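Asker: Here's a structure for you.
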Amino acid sequence: MGIYKEQRVGVLVDIQNLYYSAKVLFGKKVNFGAVLKASAGDRKLIRAIAYGIKTLEGQEEKFFEALGKQGFEVKTKDLQIFPGGTKKGDWDVGIAVDAIKMSKNLDSIVLISGDGDYIPLVKYIQGITGCRVEGMAFLESTSGKLIEELDDFINLSENKKKFLI
């Protein structure tokens, strides 16, 4: 099944994955509005969720508000700080659960992350629901094995003017 105009699309963005990839690779910020527009293309965008981590400083509040205005539903959770100073903050399981739930009512899910941890999720959705799973990320920080499993992949690095600020 290819891409067609009547497809119902869901977009799931791992904010931290994209943000840090752009910062480390190019010293720039991501244009999340352009990423959202490109992810669905001419298809029917049913739902777009951006997953973020809140820090104690709370500097990301305005950023999360801006994402909301661009059409994203924003889900956040607090950064965990463990005794000894280790910090952890990821949405892998939350994104996986939402993707599985949403895949039953969509034709395509666009996973915006280069994290290879999502490979079992991609295989599961493709095999169980028959939903397409596409990906968008910066090639330089994307798992090659993830790209192999996806039905389609858009390399954000190919159009830096469009996807970076």
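Please note that chains go A, B, ... in the order of the structure tokens, that every chain numbers its residues from 1, and that ligands are numbered from 1 in the order shown.
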Do you know which residues are at most 10 Å from A:Glu149 counting only C-alpha atoms, after dropping those on the same chain fewer than 6 positions away, and could you put them as a PyMOL selection string?
Answerer: chain A and resi 118-120+122-123+126+133-135
Asker: Given the selection you just returned, output its residues as a file containing C-alpha atoms, formatted as a PDB file, in the first residue's frame.
Answerer:
```pdb
ATOM      1  CA  TYR A 118      11.293   1.650  17.931  1.00  0.00           C
ATOM      2  CA  ILE A 119      12.102  -1.262  15.560  1.00  0.00           C
ATOM      3  CA  PRO A 120       9.945  -3.837  17.445  1.00  0.00           C
ATOM      4  CA  VAL A 122       7.333  -0.731  13.731  1.00  0.00           C
ATOM      5  CA  LYS A 123       7.320  -4.486  13.010  1.00  0.00           C
ATOM      6  CA  GLN A 126       2.951  -3.410  10.303  1.00  0.00           C
ATOM      7  CA  VAL A 133       4.767   3.146   9.506  1.00  0.00           C
ATOM      8  CA  GLU A 134       6.831   5.975   8.083  1.00  0.00           C
ATOM      9  CA  GLY A 135       9.725   7.810   9.670  1.00  0.00           C
TER      10      GLY A 135
END
```
Asker: When DSSP is applied to the backbone of this structure, which of chain A are assigned strand (DSSP E or B)? Write them out as a PDB file with N, CA and C atoms, in the first residue's frame.
Answerer:
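After the write, selection.pdb holds the following:
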```
ATOM      1  N   ARG A   8      -5.567   8.388   6.290  1.00  0.00           N
ATOM      2  CA  ARG A   8      -5.661   9.012   7.612  1.00  0.00           C
ATOM      3  C   ARG A   8      -4.316   8.812   8.296  1.00  0.00           C
ATOM      4  N   VAL A   9      -3.729   9.933   8.710  1.00  0.00           N
ATOM      5  CA  VAL A   9      -2.360   9.901   9.230  1.00  0.00           C
ATOM      6  C   VAL A   9      -2.293  10.375  10.678  1.00  0.00           C
ATOM      7  N   GLY A  10      -1.470   9.701  11.458  1.00  0.00           N
ATOM      8  CA  GLY A  10      -1.152  10.124  12.810  1.00  0.00           C
ATOM      9  C   GLY A  10       0.345  10.393  12.887  1.00  0.00           C
ATOM     10  N   VAL A  11       0.717  11.453  13.569  1.00  0.00           N
ATOM     11  CA  VAL A  11       2.123  11.850  13.668  1.00  0.00           C
ATOM     12  C   VAL A  11       2.545  11.842  15.138  1.00  0.00           C
ATOM     13  N   LEU A  12       3.660  11.182  15.422  1.00  0.00           N
ATOM     14  CA  LEU A  12       4.171  11.081  16.784  1.00  0.00           C
ATOM     15  C   LEU A  12       5.605  11.592  16.807  1.00  0.00           C
ATOM     16  N   VAL A  13       5.846  12.673  17.549  1.00  0.00           N
ATOM     17  CA  VAL A  13       7.159  13.311  17.565  1.00  0.00           C
ATOM     18  C   VAL A  13       7.865  13.126  18.901  1.00  0.00           C
ATOM     19  N   ASP A  14       9.039  12.538  18.852  1.00  0.00           N
ATOM     20  CA  ASP A  14       9.917  12.422  20.008  1.00  0.00           C
ATOM     21  C   ASP A  14      10.741  13.719  20.029  1.00  0.00           C
ATOM     22  N   VAL A  30      14.965  22.876  15.435  1.00  0.00           N
ATOM     23  CA  VAL A  30      14.060  22.252  14.474  1.00  0.00           C
ATOM     24  C   VAL A  30      12.850  23.149  14.225  1.00  0.00           C
ATOM     25  N   LYS A  44      -4.848  13.263   5.088  1.00  0.00           N
ATOM     26  CA  LYS A  44      -5.685  13.740   6.197  1.00  0.00           C
ATOM     27  C   LYS A  44      -4.977  13.536   7.528  1.00  0.00           C
ATOM     28  N   LEU A  45      -4.548  14.635   8.143  1.00  0.00           N
ATOM     29  CA  LEU A  45      -3.904  14.553   9.446  1.00  0.00           C
ATOM     30  C   LEU A  45      -4.998  14.395  10.498  1.00  0.00           C
ATOM     31  N   ILE A  46      -5.010  13.253  11.168  1.00  0.00           N
ATOM     32  CA  ILE A  46      -6.029  12.975  12.182  1.00  0.00           C
ATOM     33  C   ILE A  46      -5.557  13.434  13.554  1.00  0.00           C
ATOM     34  N   ARG A  47      -4.295  13.160  13.852  1.00  0.00           N
ATOM     35  CA  ARG A  47      -3.777  13.507  15.172  1.00  0.00           C
ATOM     36  C   ARG A  47      -2.262  13.664  15.112  1.00  0.00           C
ATOM     37  N   ALA A  48      -1.753  14.689  15.784  1.00  0.00           N
ATOM     38  CA  ALA A  48      -0.306  14.902  15.870  1.00  0.00           C
ATOM     39  C   ALA A  48       0.037  15.118  17.343  1.00  0.00           C
ATOM     40  N   ILE A  49       0.897  14.249  17.864  1.00  0.00           N
ATOM     41  CA  ILE A  49       1.268  14.347  19.279  1.00  0.00           C
ATOM     42  C   ILE A  49       2.777  14.562  19.378  1.00  0.00           C
ATOM     43  N   ALA A  50       3.156  15.558  20.174  1.00  0.00           N
ATOM     44  CA  ALA A  50       4.572  15.817  20.445  1.00  0.00           C
ATOM     45  C   ALA A  50       4.823  15.476  21.910  1.00  0.00           C
ATOM     46  N   TYR A  51       5.864  14.709  22.145  1.00  0.00           N
ATOM     47  CA  TYR A  51       6.175  14.215  23.480  1.00  0.00           C
ATOM     48  C   TYR A  51       7.424  14.916  24.003  1.00  0.00           C
ATOM     49  N   GLY A  52       7.291  15.610  25.140  1.00  0.00           N
ATOM     50  CA  GLY A  52       8.414  16.378  25.666  1.00  0.00           C
ATOM     51  C   GLY A  52       8.677  16.124  27.133  1.00  0.00           C
ATOM     52  N   ILE A  53       9.836  16.568  27.564  1.00  0.00           N
ATOM     53  CA  ILE A  53      10.266  16.421  28.954  1.00  0.00           C
ATOM     54  C   ILE A  53      10.367  17.814  29.586  1.00  0.00           C
ATOM     55  N   LYS A  54       9.770  17.937  30.770  1.00  0.00           N
ATOM     56  CA  LYS A  54       9.840  19.200  31.518  1.00  0.00           C
ATOM     57  C   LYS A  54      11.002  19.150  32.485  1.00  0.00           C
ATOM     58  N   GLU A  73      -0.773  18.143  19.716  1.00  0.00           N
ATOM     59  CA  GLU A  73      -1.231  17.868  21.072  1.00  0.00           C
ATOM     60  C   GLU A  73       0.071  17.588  21.813  1.00  0.00           C
ATOM     61  N   VAL A  74       0.358  18.296  22.890  1.00  0.00           N
ATOM     62  CA  VAL A  74       1.632  18.144  23.573  1.00  0.00           C
ATOM     63  C   VAL A  74       1.459  17.339  24.858  1.00  0.00           C
ATOM     64  N   LYS A  75       2.235  16.281  24.977  1.00  0.00           N
ATOM     65  CA  LYS A  75       2.246  15.475  26.192  1.00  0.00           C
ATOM     66  C   LYS A  75       3.608  15.677  26.848  1.00  0.00           C
ATOM     67  N   THR A  76       3.588  15.974  28.143  1.00  0.00           N
ATOM     68  CA  THR A  76       4.862  16.193  28.832  1.00  0.00           C
ATOM     69  C   THR A  76       4.941  15.349  30.089  1.00  0.00           C
ATOM     70  N   LYS A  77       6.161  15.113  30.501  1.00  0.00           N
ATOM     71  CA  LYS A  77       6.402  14.511  31.820  1.00  0.00           C
ATOM     72  C   LYS A  77       7.685  15.103  32.368  1.00  0.00           C
ATOM     73  N   ASP A  78       7.834  15.001  33.670  1.00  0.00           N
ATOM     74  CA  ASP A  78       8.985  15.594  34.335  1.00  0.00           C
ATOM     75  C   ASP A  78      10.247  14.774  34.124  1.00  0.00           C
ATOM     76  N   GLN A  80      13.300  12.895  35.281  1.00  0.00           N
ATOM     77  CA  GLN A  80      13.592  12.176  36.526  1.00  0.00           C
ATOM     78  C   GLN A  80      15.050  12.395  36.885  1.00  0.00           C
ATOM     79  N   ILE A  81      15.304  12.747  38.134  1.00  0.00           N
ATOM     80  CA  ILE A  81      16.683  12.889  38.599  1.00  0.00           C
ATOM     81  C   ILE A  81      16.873  11.917  39.751  1.00  0.00           C
ATOM     82  N   LYS A  87      20.185  11.521  35.194  1.00  0.00           N
ATOM     83  CA  LYS A  87      18.909  12.065  34.712  1.00  0.00           C
ATOM     84  C   LYS A  87      18.336  11.155  33.641  1.00  0.00           C
ATOM     85  N   LYS A  88      17.020  11.012  33.677  1.00  0.00           N
ATOM     86  CA  LYS A  88      16.362  10.186  32.666  1.00  0.00           C
ATOM     87  C   LYS A  88      15.065  10.858  32.266  1.00  0.00           C
ATOM     88  N   SER A 108      -1.744   5.298   8.218  1.00  0.00           N
ATOM     89  CA  SER A 108      -0.312   5.503   8.321  1.00  0.00           C
ATOM     90  C   SER A 108       0.050   6.244   9.608  1.00  0.00           C
ATOM     91  N   ILE A 109       1.150   5.821  10.208  1.00  0.00           N
ATOM     92  CA  ILE A 109       1.693   6.513  11.366  1.00  0.00           C
ATOM     93  C   ILE A 109       3.065   7.030  10.963  1.00  0.00           C
ATOM     94  N   VAL A 110       3.320   8.300  11.266  1.00  0.00           N
ATOM     95  CA  VAL A 110       4.633   8.868  10.991  1.00  0.00           C
ATOM     96  C   VAL A 110       5.341   9.035  12.328  1.00  0.00           C
ATOM     97  N   LEU A 111       6.405   8.284  12.491  1.00  0.00           N
ATOM     98  CA  LEU A 111       7.200   8.310  13.703  1.00  0.00           C
ATOM     99  C   LEU A 111       8.368   9.264  13.474  1.00  0.00           C
ATOM    100  N   ILE A 112       8.389  10.352  14.214  1.00  0.00           N
ATOM    101  CA  ILE A 112       9.445  11.343  14.012  1.00  0.00           C
ATOM    102  C   ILE A 112      10.489  11.167  15.108  1.00  0.00           C
ATOM    103  N   ARG A 132       0.655   1.413   7.741  1.00  0.00           N
ATOM    104  CA  ARG A 132       1.996   1.818   7.300  1.00  0.00           C
ATOM    105  C   ARG A 132       2.695   2.532   8.461  1.00  0.00           C
ATOM    106  N   VAL A 133       4.007   2.376   8.537  1.00  0.00           N
ATOM    107  CA  VAL A 133       4.767   3.146   9.506  1.00  0.00           C
ATOM    108  C   VAL A 133       5.894   3.847   8.741  1.00  0.00           C
ATOM    109  N   GLU A 134       5.834   5.168   8.767  1.00  0.00           N
ATOM    110  CA  GLU A 134       6.831   5.975   8.083  1.00  0.00           C
ATOM    111  C   GLU A 134       7.690   6.657   9.138  1.00  0.00           C
ATOM    112  N   GLY A 135       8.848   7.135   8.737  1.00  0.00           N
ATOM    113  CA  GLY A 135       9.725   7.810   9.670  1.00  0.00           C
ATOM    114  C   GLY A 135      10.262   9.107   9.090  1.00  0.00           C
ATOM    115  N   MET A 136      10.583  10.017   9.990  1.00  0.00           N
ATOM    116  CA  MET A 136      11.245  11.270   9.624  1.00  0.00           C
ATOM    117  C   MET A 136      12.274  11.555  10.695  1.00  0.00           C
ATOM    118  N   ALA A 137      13.503  11.880  10.281  1.00  0.00           N
ATOM    119  CA  ALA A 137      14.560  12.217  11.231  1.00  0.00           C
ATOM    120  C   ALA A 137      15.777  12.664  10.425  1.00  0.00           C
ATOM    121  N   ASP A 152       8.541   4.010   4.689  1.00  0.00           N
ATOM    122  CA  ASP A 152       9.068   5.178   3.988  1.00  0.00           C
ATOM    123  C   ASP A 152       9.875   5.982   4.998  1.00  0.00           C
ATOM    124  N   PHE A 153      10.876   6.703   4.518  1.00  0.00           N
ATOM    125  CA  PHE A 153      11.700   7.515   5.420  1.00  0.00           C
ATOM    126  C   PHE A 153      12.024   8.840   4.750  1.00  0.00           C
ATOM    127  N   ILE A 154      11.804   9.918   5.482  1.00  0.00           N
ATOM    128  CA  ILE A 154      12.190  11.243   4.996  1.00  0.00           C
ATOM    129  C   ILE A 154      13.385  11.704   5.814  1.00  0.00           C
ATOM    130  N   ASN A 155      14.477  11.980   5.114  1.00  0.00           N
ATOM    131  CA  ASN A 155      15.701  12.466   5.740  1.00  0.00           C
ATOM    132  C   ASN A 155      15.617  13.985   5.848  1.00  0.00           C
ATOM    133  N   LEU A 164      15.201  23.352   9.539  1.00  0.00           N
ATOM    134  CA  LEU A 164      15.998  23.905  10.630  1.00  0.00           C
ATOM    135  C   LEU A 164      15.826  25.420  10.723  1.00  0.00           C
TER     136      LEU A 164
END
```
Asker: If you run DSSP over the backbone, which residues in stretch 2-157 of chain A end up alpha helix (DSSP H)? Put them as a PyMOL selection string.
Answerer: chain A and resi 15-26+32-40+61-69+92-103+119-128+144-149
Asker: Would you mind telling me which residue in A:Lys162, A:Lys145, A:Lys29, A:Lys101 lies nearest to A:Phe63 when using only C-alpha atoms?
Answerer: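 When distances to A:Phe63 are compared using only C-alpha atoms, the smallest one comes from A:Lys29.
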Asker: Can you work out which one of A:Ser39, A:Gln16, A:Ser113, A:Ser143 has the shortest atom-to-atom distance to A:Glu60, counting only C-alpha atoms?
Answerer: A:Gln16
Asker: To one decimal place in Å, what is the distance between atom CA of A:Ile147 and atom CA of A:Leu121?
Answerer: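 Answer for the atom CA of A:Ile147 to atom CA of A:Leu121 separation: 12.9 Å.
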Asker: Please, what distance in Å, to one decimal, runs between atom CA of A:Ala40 and atom CA of A:Lys5?
Answerer: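 Those two atoms sit 9.7 Å apart.
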Asker: Go through A:Lys161, A:Leu18, A:Arg43, A:Ala96 one by one, measure the shortest atom-to-atom distance of each to A:Leu139 using only C-alpha atoms, and give the residue with the smallest value.
Answerer: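 Ranked by minimum distance to A:Leu139, first place goes to A:Leu18.
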Asker: Measuring atom to atom with only C-alpha atoms, identify which of A:Met102, A:Phe32, A:Trp91, A:Pro83 is nearest to A:Gly68.
Answerer: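 Using only C-alpha atoms, A:Gly68 sits closest to A:Phe32.
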Asker: With distances taken over only C-alpha atoms, which residue among A:Ile15, A:Lys104, A:Lys28, A:Tyr4 lies nearest A:Ser157?
Answerer: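 Looking only at the distances to A:Ser157, the closest residue turns out to be A:Lys28.
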Asker: Could you tell me how far atom CA of A:Leu146 lies from atom CA of A:Gly116, in Å and to one decimal?
Answerer: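 Computing it gives 5.4 Å between the two atoms.
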